[in-house]
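Engineer: File follows, final.pdb with PDB, C-alpha atoms, pLDDT in the B column:
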ATOM      1  CA  MET A   1     161.918 140.555 157.937  1.00 45.00           C
ATOM      2  CA  SER A   2     163.189 140.996 154.373  1.00 53.00           C
ATOM      3  CA  VAL A   3     164.814 137.589 153.810  1.00 84.00           C
ATOM      4  CA  HIS A   4     164.264 133.839 153.675  1.00 96.00           C
ATOM      5  CA  LEU A   5     165.901 131.890 156.508  1.00 97.00           C
ATOM      6  CA  LEU A   6     167.308 128.362 156.514  1.00 96.00           C
ATOM      7  CA  ILE A   7     168.130 126.741 159.879  1.00 97.00           C
ATOM      8  CA  GLY A   8     170.095 123.494 159.872  1.00 95.00           C
ATOM      9  CA  GLY A   9     171.911 121.393 162.438  1.00 94.00           C
ATOM     10  CA  ALA A  10     172.343 117.933 163.908  1.00 94.00           C
ATOM     11  CA  PRO A  11     169.862 116.441 166.407  1.00 92.00           C
ATOM     12  CA  GLU A  12     170.123 118.127 169.835  1.00 93.00           C
ATOM     13  CA  ALA A  13     171.888 121.118 168.291  1.00 95.00           C
ATOM     14  CA  GLY A  14     169.121 123.475 169.449  1.00 94.00           C
ATOM     15  CA  LYS A  15     166.996 123.823 166.324  1.00 94.00           C
ATOM     16  CA  SER A  16     163.927 124.419 168.483  1.00 94.00           C
ATOM     17  CA  VAL A  17     165.704 127.193 170.367  1.00 94.00           C
ATOM     18  CA  ALA A  18     166.731 128.869 167.140  1.00 96.00           C
ATOM     19  CA  LEU A  19     163.389 128.472 165.391  1.00 96.00           C
ATOM     20  CA  HIS A  20     161.232 129.716 168.266  1.00 96.00           C
ATOM     21  CA  SER A  21     163.583 132.628 168.902  1.00 94.00           C
ATOM     22  CA  VAL A  22     162.678 133.865 165.444  1.00 96.00           C
ATOM     23  CA  LEU A  23     158.990 132.937 165.425  1.00 97.00           C
ATOM     24  CA  ALA A  24     158.219 134.461 168.809  1.00 95.00           C
ATOM     25  CA  GLY A  25     159.327 137.859 167.547  1.00 94.00           C
ATOM     26  CA  LEU A  26     157.707 137.700 164.122  1.00 96.00           C
ATOM     27  CA  LEU A  27     154.323 136.422 165.280  1.00 97.00           C
ATOM     28  CA  LEU A  28     153.815 139.196 167.820  1.00 96.00           C
ATOM     29  CA  ASP A  29     153.152 141.379 164.783  1.00 95.00           C
ATOM     30  CA  PRO A  30     149.376 140.939 164.304  1.00 95.00           C
ATOM     31  CA  GLY A  31     149.743 141.957 160.662  1.00 94.00           C
ATOM     32  CA  THR A  32     151.692 138.782 159.909  1.00 96.00           C
ATOM     33  CA  ASP A  33     149.794 135.886 158.348  1.00 96.00           C
ATOM     34  CA  VAL A  34     151.433 132.474 158.680  1.00 98.00           C
ATOM     35  CA  VAL A  35     151.290 129.005 157.167  1.00 98.00           C
ATOM     36  CA  MET A  36     152.894 126.394 159.442  1.00 98.00           C
ATOM     37  CA  ILE A  37     154.134 123.029 158.223  1.00 98.00           C
ATOM     38  CA  ASP A  38     155.514 120.606 160.793  1.00 97.00           C
ATOM     39  CA  GLY A  39     157.186 117.345 159.791  1.00 95.00           C
ATOM     40  CA  LYS A  40     157.247 116.111 163.393  1.00 91.00           C
ATOM     41  CA  ALA A  41     153.502 115.383 163.630  1.00 88.00           C
ATOM     42  CA  GLY A  42     152.821 118.931 164.807  1.00 85.00           C
ATOM     43  CA  VAL A  43     154.832 118.567 167.997  1.00 90.00           C
ATOM     44  CA  GLU A  44     157.250 121.423 167.335  1.00 93.00           C
ATOM     45  CA  LEU A  45     154.830 124.095 166.142  1.00 97.00           C
ATOM     46  CA  ALA A  46     151.635 123.071 167.971  1.00 96.00           C
ATOM     47  CA  VAL A  47     151.810 126.015 170.362  1.00 97.00           C
ATOM     48  CA  TRP A  48     151.204 128.417 167.435  1.00 97.00           C
ATOM     49  CA  GLU A  49     148.138 126.590 166.082  1.00 97.00           C
ATOM     50  CA  LYS A  50     145.674 129.405 166.826  1.00 96.00           C
ATOM     51  CA  VAL A  51     147.580 131.891 164.665  1.00 97.00           C
ATOM     52  CA  ALA A  52     148.364 129.530 161.758  1.00 97.00           C
ATOM     53  CA  HIS A  53     146.167 129.533 158.649  1.00 96.00           C
ATOM     54  CA  GLY A  54     144.529 126.111 158.455  1.00 96.00           C
ATOM     55  CA  GLY A  55     146.182 124.985 161.691  1.00 97.00           C
ATOM     56  CA  ILE A  56     149.451 123.053 161.849  1.00 97.00           C
ATOM     57  CA  ARG A  57     149.948 121.031 158.662  1.00 97.00           C
ATOM     58  CA  CYS A  58     151.694 117.689 159.229  1.00 97.00           C
ATOM     59  CA  GLU A  59     150.906 115.516 156.204  1.00 97.00           C
ATOM     60  CA  ILE A  60     152.372 116.237 152.787  1.00 98.00           C
ATOM     61  CA  ASP A  61     148.985 116.800 151.115  1.00 98.00           C
ATOM     62  CA  SER A  62     148.001 119.379 153.722  1.00 98.00           C
ATOM     63  CA  ALA A  63     151.485 120.907 153.572  1.00 98.00           C
ATOM     64  CA  THR A  64     151.312 121.271 149.797  1.00 98.00           C
ATOM     65  CA  ALA A  65     147.814 122.762 150.078  1.00 98.00           C
ATOM     66  CA  GLY A  66     149.225 125.336 152.490  1.00 98.00           C
ATOM     67  CA  LEU A  67     151.967 126.238 150.027  1.00 98.00           C
ATOM     68  CA  GLU A  68     149.379 126.523 147.250  1.00 98.00           C
ATOM     69  CA  TRP A  69     147.258 128.837 149.409  1.00 98.00           C
ATOM     70  CA  ALA A  70     150.324 131.015 150.047  1.00 98.00           C
ATOM     71  CA  CYS A  71     151.147 131.028 146.321  1.00 98.00           C
ATOM     72  CA  LYS A  72     147.629 132.260 145.525  1.00 98.00           C
ATOM     73  CA  ARG A  73     147.962 135.061 148.074  1.00 97.00           C
ATOM     74  CA  MET A  74     151.333 135.919 146.521  1.00 97.00           C
ATOM     75  CA  ASP A  75     149.768 136.084 143.052  1.00 97.00           C
ATOM     76  CA  GLU A  76     147.040 138.382 144.386  1.00 96.00           C
ATOM     77  CA  ARG A  77     149.693 140.673 145.804  1.00 96.00           C
ATOM     78  CA  TYR A  78     151.519 140.772 142.478  1.00 96.00           C
ATOM     79  CA  ALA A  79     148.259 141.607 140.721  1.00 96.00           C
ATOM     80  CA  LEU A  80     147.839 144.505 143.147  1.00 94.00           C
ATOM     81  CA  LEU A  81     151.372 145.693 142.442  1.00 95.00           C
ATOM     82  CA  SER A  82     150.795 145.488 138.706  1.00 95.00           C
ATOM     83  CA  ALA A  83     147.560 147.475 138.956  1.00 94.00           C
ATOM     84  CA  SER A  84     149.149 150.155 141.143  1.00 93.00           C
ATOM     85  CA  GLY A  85     152.388 150.481 139.200  1.00 94.00           C
ATOM     86  CA  LEU A  86     154.454 149.638 142.275  1.00 92.00           C
ATOM     87  CA  ARG A  87     157.278 147.126 142.714  1.00 92.00           C
ATOM     88  CA  LYS A  88     156.977 146.058 146.340  1.00 92.00           C
ATOM     89  CA  ILE A  89     154.207 145.365 148.855  1.00 91.00           C
ATOM     90  CA  THR A  90     154.190 147.742 151.832  1.00 86.00           C
ATOM     91  CA  ARG A  91     152.040 147.945 154.950  1.00 82.00           C
ATOM     92  CA  GLY A  92     150.331 151.023 153.581  1.00 80.00           C
ATOM     93  CA  MET A  93     148.776 148.780 150.944  1.00 87.00           C
ATOM     94  CA  GLY A  94     146.938 146.779 153.623  1.00 83.00           C
ATOM     95  CA  HIS A  95     149.192 143.722 153.584  1.00 90.00           C
ATOM     96  CA  GLY A  96     151.654 142.609 156.225  1.00 91.00           C
ATOM     97  CA  PRO A  97     154.224 139.840 155.862  1.00 94.00           C
ATOM     98  CA  LEU A  98     153.062 136.401 154.760  1.00 97.00           C
ATOM     99  CA  LEU A  99     155.227 133.897 156.598  1.00 98.00           C
ATOM    100  CA  VAL A 100     155.677 130.272 155.521  1.00 98.00           C
ATOM    101  CA  VAL A 101     157.337 128.046 158.137  1.00 98.00           C
ATOM    102  CA  VAL A 102     158.517 124.500 157.427  1.00 98.00           C
ATOM    103  CA  ASP A 103     159.967 122.535 160.320  1.00 96.00           C
ATOM    104  CA  GLU A 104     161.820 119.301 159.600  1.00 95.00           C
ATOM    105  CA  LEU A 105     162.098 119.783 155.887  1.00 95.00           C
ATOM    106  CA  ALA A 106     163.262 116.208 155.324  1.00 94.00           C
ATOM    107  CA  ALA A 107     159.812 114.799 156.095  1.00 96.00           C
ATOM    108  CA  PHE A 108     158.595 116.399 152.873  1.00 97.00           C
ATOM    109  CA  THR A 109     161.634 116.603 150.596  1.00 95.00           C
ATOM    110  CA  LEU A 110     162.374 112.890 151.185  1.00 95.00           C
ATOM    111  CA  HIS A 111     158.745 111.764 150.989  1.00 96.00           C
ATOM    112  CA  PRO A 112     158.507 108.372 149.255  1.00 96.00           C
ATOM    113  CA  ASP A 113     155.784 109.486 146.819  1.00 97.00           C
ATOM    114  CA  LYS A 114     157.676 111.146 143.967  1.00 96.00           C
ATOM    115  CA  LYS A 115     154.708 113.136 142.644  1.00 97.00           C
ATOM    116  CA  LYS A 116     153.772 114.478 146.060  1.00 98.00           C
ATOM    117  CA  ARG A 117     157.391 115.318 146.786  1.00 96.00           C
ATOM    118  CA  ALA A 118     157.676 117.176 143.481  1.00 97.00           C
ATOM    119  CA  ALA A 119     154.477 119.155 144.128  1.00 98.00           C
ATOM    120  CA  PHE A 120     155.730 120.212 147.556  1.00 98.00           C
ATOM    121  CA  LEU A 121     159.114 121.297 146.200  1.00 97.00           C
ATOM    122  CA  GLU A 122     157.467 123.194 143.357  1.00 97.00           C
ATOM    123  CA  GLY A 123     155.392 125.256 145.778  1.00 98.00           C
ATOM    124  CA  LEU A 124     158.311 125.885 148.109  1.00 98.00           C
ATOM    125  CA  HIS A 125     160.528 126.966 145.225  1.00 97.00           C
ATOM    126  CA  ASP A 126     157.876 129.303 143.823  1.00 98.00           C
ATOM    127  CA  LEU A 127     157.440 131.062 147.167  1.00 98.00           C
ATOM    128  CA  GLY A 128     161.176 131.345 147.674  1.00 96.00           C
ATOM    129  CA  ALA A 129     161.892 132.554 144.152  1.00 96.00           C
ATOM    130  CA  ARG A 130     159.083 135.089 143.768  1.00 96.00           C
ATOM    131  CA  GLY A 131     158.086 135.949 147.296  1.00 95.00           C
ATOM    132  CA  ARG A 132     160.309 138.833 148.320  1.00 93.00           C
ATOM    133  CA  ALA A 133     158.587 141.730 146.579  1.00 93.00           C
ATOM    134  CA  ALA A 134     155.211 140.366 147.706  1.00 95.00           C
ATOM    135  CA  ALA A 135     156.353 140.341 151.362  1.00 95.00           C
ATOM    136  CA  VAL A 136     156.369 136.520 151.457  1.00 97.00           C
ATOM    137  CA  ARG A 137     159.022 135.121 153.793  1.00 97.00           C
ATOM    138  CA  VAL A 138     160.050 131.474 154.083  1.00 98.00           C
ATOM    139  CA  ILE A 139     161.661 129.884 157.148  1.00 98.00           C
ATOM    140  CA  ALA A 140     162.762 126.267 156.828  1.00 97.00           C
ATOM    141  CA  ALA A 141     164.505 124.093 159.422  1.00 96.00           C
ATOM    142  CA  THR A 142     165.994 120.612 159.343  1.00 94.00           C
ATOM    143  CA  GLN A 143     168.024 118.214 161.463  1.00 90.00           C
ATOM    144  CA  LYS A 144     169.413 116.607 158.303  1.00 83.00           C
ATOM    145  CA  PRO A 145     171.215 119.385 156.446  1.00 78.00           C
ATOM    146  CA  GLY A 146     172.390 117.244 153.551  1.00 80.00           C
ATOM    147  CA  SER A 147     172.125 117.969 149.843  1.00 79.00           C
ATOM    148  CA  GLU A 148     169.510 115.227 149.438  1.00 85.00           C
ATOM    149  CA  VAL A 149     167.268 117.051 151.947  1.00 88.00           C
ATOM    150  CA  ILE A 150     167.979 120.595 150.756  1.00 86.00           C
ATOM    151  CA  PRO A 151     168.409 120.528 146.969  1.00 88.00           C
ATOM    152  CA  THR A 152     170.797 123.198 145.728  1.00 88.00           C
ATOM    153  CA  TYR A 153     168.115 125.000 143.739  1.00 92.00           C
ATOM    154  CA  ILE A 154     166.091 125.346 146.961  1.00 91.00           C
ATOM    155  CA  ARG A 155     168.972 126.150 149.290  1.00 89.00           C
ATOM    156  CA  ASP A 156     170.224 128.943 147.064  1.00 91.00           C
ATOM    157  CA  LEU A 157     166.960 130.856 147.563  1.00 94.00           C
ATOM    158  CA  PHE A 158     167.728 131.326 151.274  1.00 95.00           C
ATOM    159  CA  ASP A 159     169.821 134.440 151.640  1.00 92.00           C
ATOM    160  CA  THR A 160     170.011 134.087 155.421  1.00 95.00           C
ATOM    161  CA  ARG A 161     171.288 130.818 156.887  1.00 95.00           C
ATOM    162  CA  TRP A 162     171.845 129.669 160.449  1.00 97.00           C
ATOM    163  CA  ALA A 163     174.104 126.630 160.849  1.00 97.00           C
ATOM    164  CA  LEU A 164     173.825 125.052 164.286  1.00 97.00           C
ATOM    165  CA  ARG A 165     176.179 122.268 165.359  1.00 96.00           C
ATOM    166  CA  CYS A 166     176.534 119.874 162.434  1.00 95.00           C
ATOM    167  CA  SER A 167     177.942 116.362 162.347  1.00 92.00           C
ATOM    168  CA  THR A 168     180.364 117.064 159.475  1.00 93.00           C
ATOM    169  CA  ARG A 169     182.099 119.911 157.657  1.00 94.00           C
ATOM    170  CA  ASP A 170     180.117 119.056 154.547  1.00 92.00           C
ATOM    171  CA  ALA A 171     176.833 119.414 156.435  1.00 92.00           C
ATOM    172  CA  SER A 172     177.961 122.805 157.719  1.00 94.00           C
ATOM    173  CA  ASP A 173     178.741 123.898 154.166  1.00 93.00           C
ATOM    174  CA  THR A 174     175.389 122.567 152.986  1.00 91.00           C
ATOM    175  CA  VAL A 175     173.700 125.115 155.250  1.00 93.00           C
ATOM    176  CA  LEU A 176     176.077 128.060 154.892  1.00 93.00           C
ATOM    177  CA  GLY A 177     177.358 127.447 151.378  1.00 90.00           C
ATOM    178  CA  ALA A 178     180.392 125.708 149.955  1.00 90.00           C
ATOM    179  CA  GLY A 179     183.791 126.892 151.121  1.00 94.00           C
ATOM    180  CA  TRP A 180     183.000 128.359 154.517  1.00 95.00           C
ATOM    181  CA  ALA A 181     184.395 125.402 156.489  1.00 95.00           C
ATOM    182  CA  ALA A 182     187.710 125.723 154.635  1.00 96.00           C
ATOM    183  CA  ARG A 183     187.798 129.369 155.726  1.00 95.00           C
ATOM    184  CA  GLY A 184     187.375 128.416 159.374  1.00 95.00           C
ATOM    185  CA  VAL A 185     183.613 128.786 159.686  1.00 96.00           C
ATOM    186  CA  ASP A 186     182.684 125.204 160.498  1.00 97.00           C
ATOM    187  CA  ALA A 187     179.567 124.388 162.540  1.00 97.00           C
ATOM    188  CA  SER A 188     180.853 120.844 163.147  1.00 96.00           C
ATOM    189  CA  THR A 189     183.332 122.338 165.654  1.00 96.00           C
ATOM    190  CA  ILE A 190     180.545 123.656 167.911  1.00 96.00           C
ATOM    191  CA  GLY A 191     180.436 121.789 171.230  1.00 93.00           C
ATOM    192  CA  LEU A 192     177.814 119.163 172.058  1.00 91.00           C
ATOM    193  CA  GLY A 193     176.353 121.170 174.942  1.00 88.00           C
ATOM    194  CA  ALA A 194     175.972 124.420 173.027  1.00 92.00           C
ATOM    195  CA  ALA A 195     172.274 124.165 172.123  1.00 91.00           C
ATOM    196  CA  GLY A 196     171.141 127.046 169.953  1.00 94.00           C
ATOM    197  CA  VAL A 197     174.671 128.211 169.170  1.00 97.00           C
ATOM    198  CA  GLY A 198     175.524 128.501 165.498  1.00 97.00           C
ATOM    199  CA  TYR A 199     176.882 130.580 162.660  1.00 97.00           C
ATOM    200  CA  LEU A 200     174.445 133.074 161.134  1.00 96.00           C
ATOM    201  CA  LEU A 201     175.129 134.162 157.571  1.00 95.00           C
ATOM    202  CA  ALA A 202     173.196 137.342 156.789  1.00 91.00           C
ATOM    203  CA  GLY A 203     174.265 139.982 154.328  1.00 79.00           C
ATOM    204  CA  SER A 204     177.778 140.505 153.046  1.00 78.00           C
ATOM    205  CA  ALA A 205     179.653 140.574 156.357  1.00 78.00           C
ATOM    206  CA  GLY A 206     180.112 136.800 156.545  1.00 87.00           C
ATOM    207  CA  PRO A 207     178.924 134.326 159.192  1.00 94.00           C
ATOM    208  CA  THR A 208     178.717 135.490 162.803  1.00 95.00           C
ATOM    209  CA  LYS A 209     178.554 133.161 165.794  1.00 96.00           C
ATOM    210  CA  ILE A 210     175.321 133.729 167.731  1.00 96.00           C
ATOM    211  CA  LYS A 211     173.042 131.968 170.211  1.00 95.00           C
ATOM    212  CA  GLY A 212     169.270 131.658 170.099  1.00 94.00           C
ATOM    213  CA  PHE A 213     167.225 132.815 173.076  1.00 94.00           C
ATOM    214  CA  TYR A 214     165.796 129.903 175.047  1.00 94.00           C
ATOM    215  CA  LEU A 215     162.036 130.037 175.616  1.00 96.00           C
ATOM    216  CA  SER A 216     160.457 127.435 177.897  1.00 96.00           C
ATOM    217  CA  ASP A 217     157.175 125.725 177.017  1.00 96.00           C
ATOM    218  CA  ALA A 218     155.435 128.047 179.460  1.00 97.00           C
ATOM    219  CA  ASP A 219     157.064 131.094 177.837  1.00 97.00           C
ATOM    220  CA  LEU A 220     155.961 129.964 174.404  1.00 97.00           C
ATOM    221  CA  ALA A 221     152.413 129.263 175.573  1.00 97.00           C
ATOM    222  CA  ARG A 222     152.106 132.794 176.968  1.00 98.00           C
ATOM    223  CA  LEU A 223     153.564 134.360 173.821  1.00 97.00           C
ATOM    224  CA  ALA A 224     151.331 132.285 171.536  1.00 97.00           C
ATOM    225  CA  ALA A 225     148.229 133.213 173.548  1.00 97.00           C
ATOM    226  CA  TYR A 226     149.171 136.878 173.310  1.00 97.00           C
ATOM    227  CA  ALA A 227     149.798 136.565 169.558  1.00 97.00           C
ATOM    228  CA  ALA A 228     146.315 135.061 169.153  1.00 97.00           C
ATOM    229  CA  GLU A 229     144.771 137.823 171.275  1.00 97.00           C
ATOM    230  CA  LEU A 230     146.445 140.498 169.138  1.00 96.00           C
ATOM    231  CA  ARG A 231     144.674 139.016 166.102  1.00 94.00           C
ATOM    232  CA  ARG A 232     141.242 139.005 167.739  1.00 92.00           C
ATOM    233  CA  PRO A 233     138.801 141.246 165.817  1.00 89.00           C
ATOM    234  CA  GLY A 234     138.345 144.535 167.595  1.00 80.00           C
ATOM    235  CA  TYR A 235     141.426 144.137 169.793  1.00 73.00           C
TER     236      TYR A 235
END
Please go through the file and, once you have read it, give me the structure as structure tokens.

Structural biologist:
Amino acid sequence: MSVHLLIGGAPEAGKSVALHSVLAGLLLDPGTDVVMIDGKAGVELAVWEKVAHGGIRCEIDSATAGLEWACKRMDERYALLSASGLRKITRGMGHGPLLVVVDELAAFTLHPDKKKRAAFLEGLHDLGARGRAAAVRVIAATQKPGSEVIPTYIRDLFDTRWALRCSTRDASDTVLGAGWAARGVDASTIGLGAAGVGYLLAGSAGPTKIKGFYLSDADLARLAAYAAELRRPGY
């Protein structure tokens, strides 16, 4: 995965379907390290706890600590690149992807403590801005895709965006970028029963309508157990 991904949509739009469709594939690579931050008290990401560094992080202090840990690993990777005269981390250098997942972004970007909120945003921005060459990938998801939840300077770091059903045209444009609704790509027109259906903007081709693959709780439990087994020493 060579990009950062933003997933946004209204409640019941299928954010869980979309998010787990992506995670289930990425985390079956045992070379992937992951920090998981869950603004819904760990409910959404709990199934992946055994593969997440430091477990599932639900409080803003723990979440910010997870971002700081990822930033330190990123700095170590850049030091390695500098010493080797290379420009990009590859698997041959002994490092796989470092994945940072934030579910329900609003729980942290709208946190009432201004200093804690600022520290969280600083870490998230650093990973998004500098992470690509160090094989750091950020996935963020929210049910409140408004500009107050996703500041422009953060949103613009996500080069891949998946807009599920949104409540308004403006919310759709907040995820995909300004102007897409006026050109007929408007996630607010997606039907109420179309969970996991949305417009995916990736690359220069423009948004494409896609649907996430539904995984039941039992499916996810089996996949998470297998992902943990793949990471067992000596497997």

Engineer: Translate the PyMOL selection byres ((chain A and resi 55) around 10), as applied to the file shown, into an explicit residue set as a list in words.

Structural biologist: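 Against this file, the PyMOL selection byres ((chain A and resi 55) around 10) returns the residues Val34, Val35, Met36, Ile37, Gly42, Leu45, Ala46, Trp48, Glu49, Lys50, Val51, Ala52, His53, Gly54, Ile56, Arg57, Cys58, Ser62 and Gly66 of chain A.
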
Engineer: Which residue is closest to Ala221 of chain A? Choose from A:Leu124, A:Ala134, A:Leu157, A:Ala24 and count all atoms listed in the file.

Structural biologist: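 Smallest separation from Ala221 of chain A among the options: A:Ala24.
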
Engineer: What lies within 12 Å of segment 107-118 of chain A using all atoms listed in the file, ignoring chain neighbours under 6 positions off, as a PDB file with C-alpha atoms, keeping the file's coordinate frame?

Structural biologist:
ATOM      1  CA  ILE A  37     154.134 123.029 158.223  1.00 98.00           C
ATOM      2  CA  ASP A  38     155.514 120.606 160.793  1.00 97.00           C
ATOM      3  CA  GLY A  39     157.186 117.345 159.791  1.00 95.00           C
ATOM      4  CA  LYS A  40     157.247 116.111 163.393  1.00 91.00           C
ATOM      5  CA  ALA A  41     153.502 115.383 163.630  1.00 88.00           C
ATOM      6  CA  GLY A  42     152.821 118.931 164.807  1.00 85.00           C
ATOM      7  CA  ARG A  57     149.948 121.031 158.662  1.00 97.00           C
ATOM      8  CA  CYS A  58     151.694 117.689 159.229  1.00 97.00           C
ATOM      9  CA  GLU A  59     150.906 115.516 156.204  1.00 97.00           C
ATOM     10  CA  ILE A  60     152.372 116.237 152.787  1.00 98.00           C
ATOM     11  CA  ASP A  61     148.985 116.800 151.115  1.00 98.00           C
ATOM     12  CA  SER A  62     148.001 119.379 153.722  1.00 98.00           C
ATOM     13  CA  ALA A  63     151.485 120.907 153.572  1.00 98.00           C
ATOM     14  CA  THR A  64     151.312 121.271 149.797  1.00 98.00           C
ATOM     15  CA  ALA A  65     147.814 122.762 150.078  1.00 98.00           C
ATOM     16  CA  LEU A 124     158.311 125.885 148.109  1.00 98.00           C
ATOM     17  CA  HIS A 125     160.528 126.966 145.225  1.00 97.00           C
ATOM     18  CA  ALA A 140     162.762 126.267 156.828  1.00 97.00           C
ATOM     19  CA  ALA A 141     164.505 124.093 159.422  1.00 96.00           C
ATOM     20  CA  THR A 142     165.994 120.612 159.343  1.00 94.00           C
ATOM     21  CA  GLN A 143     168.024 118.214 161.463  1.00 90.00           C
ATOM     22  CA  LYS A 144     169.413 116.607 158.303  1.00 83.00           C
ATOM     23  CA  PRO A 145     171.215 119.385 156.446  1.00 78.00           C
ATOM     24  CA  GLY A 146     172.390 117.244 153.551  1.00 80.00           C
ATOM     25  CA  SER A 147     172.125 117.969 149.843  1.00 79.00           C
ATOM     26  CA  GLU A 148     169.510 115.227 149.438  1.00 85.00           C
ATOM     27  CA  VAL A 149     167.268 117.051 151.947  1.00 88.00           C
ATOM     28  CA  ILE A 150     167.979 120.595 150.756  1.00 86.00           C
ATOM     29  CA  PRO A 151     168.409 120.528 146.969  1.00 88.00           C
ATOM     30  CA  ILE A 154     166.091 125.346 146.961  1.00 91.00           C
TER      31      ILE A 154
END

Engineer: Fewer than 5 positions away in the same chain doesn't count, so skip those; otherwise give me all residues within 8 Å of Cys166 of chain A, counting all atoms listed in the file, as a list of chain:residue names.

Structural biologist: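 What passes the distance filter is A:Gly8, A:Gly9, A:Ala10, A:Ala13, A:Ala171, A:Ser172, A:Ala187, A:Ser188, A:Thr189, A:Ile190.
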
Engineer: Write the residues you've just listed into a file as a PDB file, keeping the file's coordinate frame, and include C-alpha atoms for each of them.

Structural biologist:
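Here's the written file out-v1.pdb:
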ATOM      1  CA  GLY A   8     170.095 123.494 159.872  1.00 95.00           C
ATOM      2  CA  GLY A   9     171.911 121.393 162.438  1.00 94.00           C
ATOM      3  CA  ALA A  10     172.343 117.933 163.908  1.00 94.00           C
ATOM      4  CA  ALA A  13     171.888 121.118 168.291  1.00 95.00           C
ATOM      5  CA  ALA A 171     176.833 119.414 156.435  1.00 92.00           C
ATOM      6  CA  SER A 172     177.961 122.805 157.719  1.00 94.00           C
ATOM      7  CA  ALA A 187     179.567 124.388 162.540  1.00 97.00           C
ATOM      8  CA  SER A 188     180.853 120.844 163.147  1.00 96.00           C
ATOM      9  CA  THR A 189     183.332 122.338 165.654  1.00 96.00           C
ATOM     10  CA  ILE A 190     180.545 123.656 167.911  1.00 96.00           C
TER      11      ILE A 190
END

Engineer: Distance atom CA of Leu27 of chain A-atom CA of Ala224 of chain A, one decimal place?

Structural biologist: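 Separating atom CA of Leu27 of chain A from atom CA of Ala224 of chain A is a distance of 8.1 Å.
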
Engineer: Which residues match the PyMOL selection byres ((chain A and resi 20) around 12) in the file above, as a ChimeraX atom specification?

Structural biologist: /A:7,14-19,21-27,44-48,101,103,139,141,196,212-217,219-221,223-224

Engineer: Could you take the residues named above and write them with C-alpha atoms, as a PDB file, in the coordinates of the input?

Structural biologist:
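result.pdb written:
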ATOM      1  CA  ILE A   7     168.130 126.741 159.879  1.00 97.00           C
ATOM      2  CA  GLY A  14     169.121 123.475 169.449  1.00 94.00           C
ATOM      3  CA  LYS A  15     166.996 123.823 166.324  1.00 94.00           C
ATOM      4  CA  SER A  16     163.927 124.419 168.483  1.00 94.00           C
ATOM      5  CA  VAL A  17     165.704 127.193 170.367  1.00 94.00           C
ATOM      6  CA  ALA A  18     166.731 128.869 167.140  1.00 96.00           C
ATOM      7  CA  LEU A  19     163.389 128.472 165.391  1.00 96.00           C
ATOM      8  CA  SER A  21     163.583 132.628 168.902  1.00 94.00           C
ATOM      9  CA  VAL A  22     162.678 133.865 165.444  1.00 96.00           C
ATOM     10  CA  LEU A  23     158.990 132.937 165.425  1.00 97.00           C
ATOM     11  CA  ALA A  24     158.219 134.461 168.809  1.00 95.00           C
ATOM     12  CA  GLY A  25     159.327 137.859 167.547  1.00 94.00           C
ATOM     13  CA  LEU A  26     157.707 137.700 164.122  1.00 96.00           C
ATOM     14  CA  LEU A  27     154.323 136.422 165.280  1.00 97.00           C
ATOM     15  CA  GLU A  44     157.250 121.423 167.335  1.00 93.00           C
ATOM     16  CA  LEU A  45     154.830 124.095 166.142  1.00 97.00           C
ATOM     17  CA  ALA A  46     151.635 123.071 167.971  1.00 96.00           C
ATOM     18  CA  VAL A  47     151.810 126.015 170.362  1.00 97.00           C
ATOM     19  CA  TRP A  48     151.204 128.417 167.435  1.00 97.00           C
ATOM     20  CA  VAL A 101     157.337 128.046 158.137  1.00 98.00           C
ATOM     21  CA  ASP A 103     159.967 122.535 160.320  1.00 96.00           C
ATOM     22  CA  ILE A 139     161.661 129.884 157.148  1.00 98.00           C
ATOM     23  CA  ALA A 141     164.505 124.093 159.422  1.00 96.00           C
ATOM     24  CA  GLY A 196     171.141 127.046 169.953  1.00 94.00           C
ATOM     25  CA  GLY A 212     169.270 131.658 170.099  1.00 94.00           C
ATOM     26  CA  PHE A 213     167.225 132.815 173.076  1.00 94.00           C
ATOM     27  CA  TYR A 214     165.796 129.903 175.047  1.00 94.00           C
ATOM     28  CA  LEU A 215     162.036 130.037 175.616  1.00 96.00           C
ATOM     29  CA  SER A 216     160.457 127.435 177.897  1.00 96.00           C
ATOM     30  CA  ASP A 217     157.175 125.725 177.017  1.00 96.00           C
ATOM     31  CA  ASP A 219     157.064 131.094 177.837  1.00 97.00           C
ATOM     32  CA  LEU A 220     155.961 129.964 174.404  1.00 97.00           C
ATOM     33  CA  ALA A 221     152.413 129.263 175.573  1.00 97.00           C
ATOM     34  CA  LEU A 223     153.564 134.360 173.821  1.00 97.00           C
ATOM     35  CA  ALA A 224     151.331 132.285 171.536  1.00 97.00           C
TER      36      ALA A 224
END

Engineer: Between A:Leu201, A:Ala106, A:Val136, A:Val3, which is the closest to Asp75 of chain A once you count only C-alpha atoms?

Structural biologist: A:Val136

Engineer: Between atom CA of Gly31 of chain A and atom CA of Val100 of chain A, what is the spacing in Å?

Structural biologist: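 Atom CA of Gly31 of chain A lies at a distance of 14.1 Å from atom CA of Val100 of chain A.
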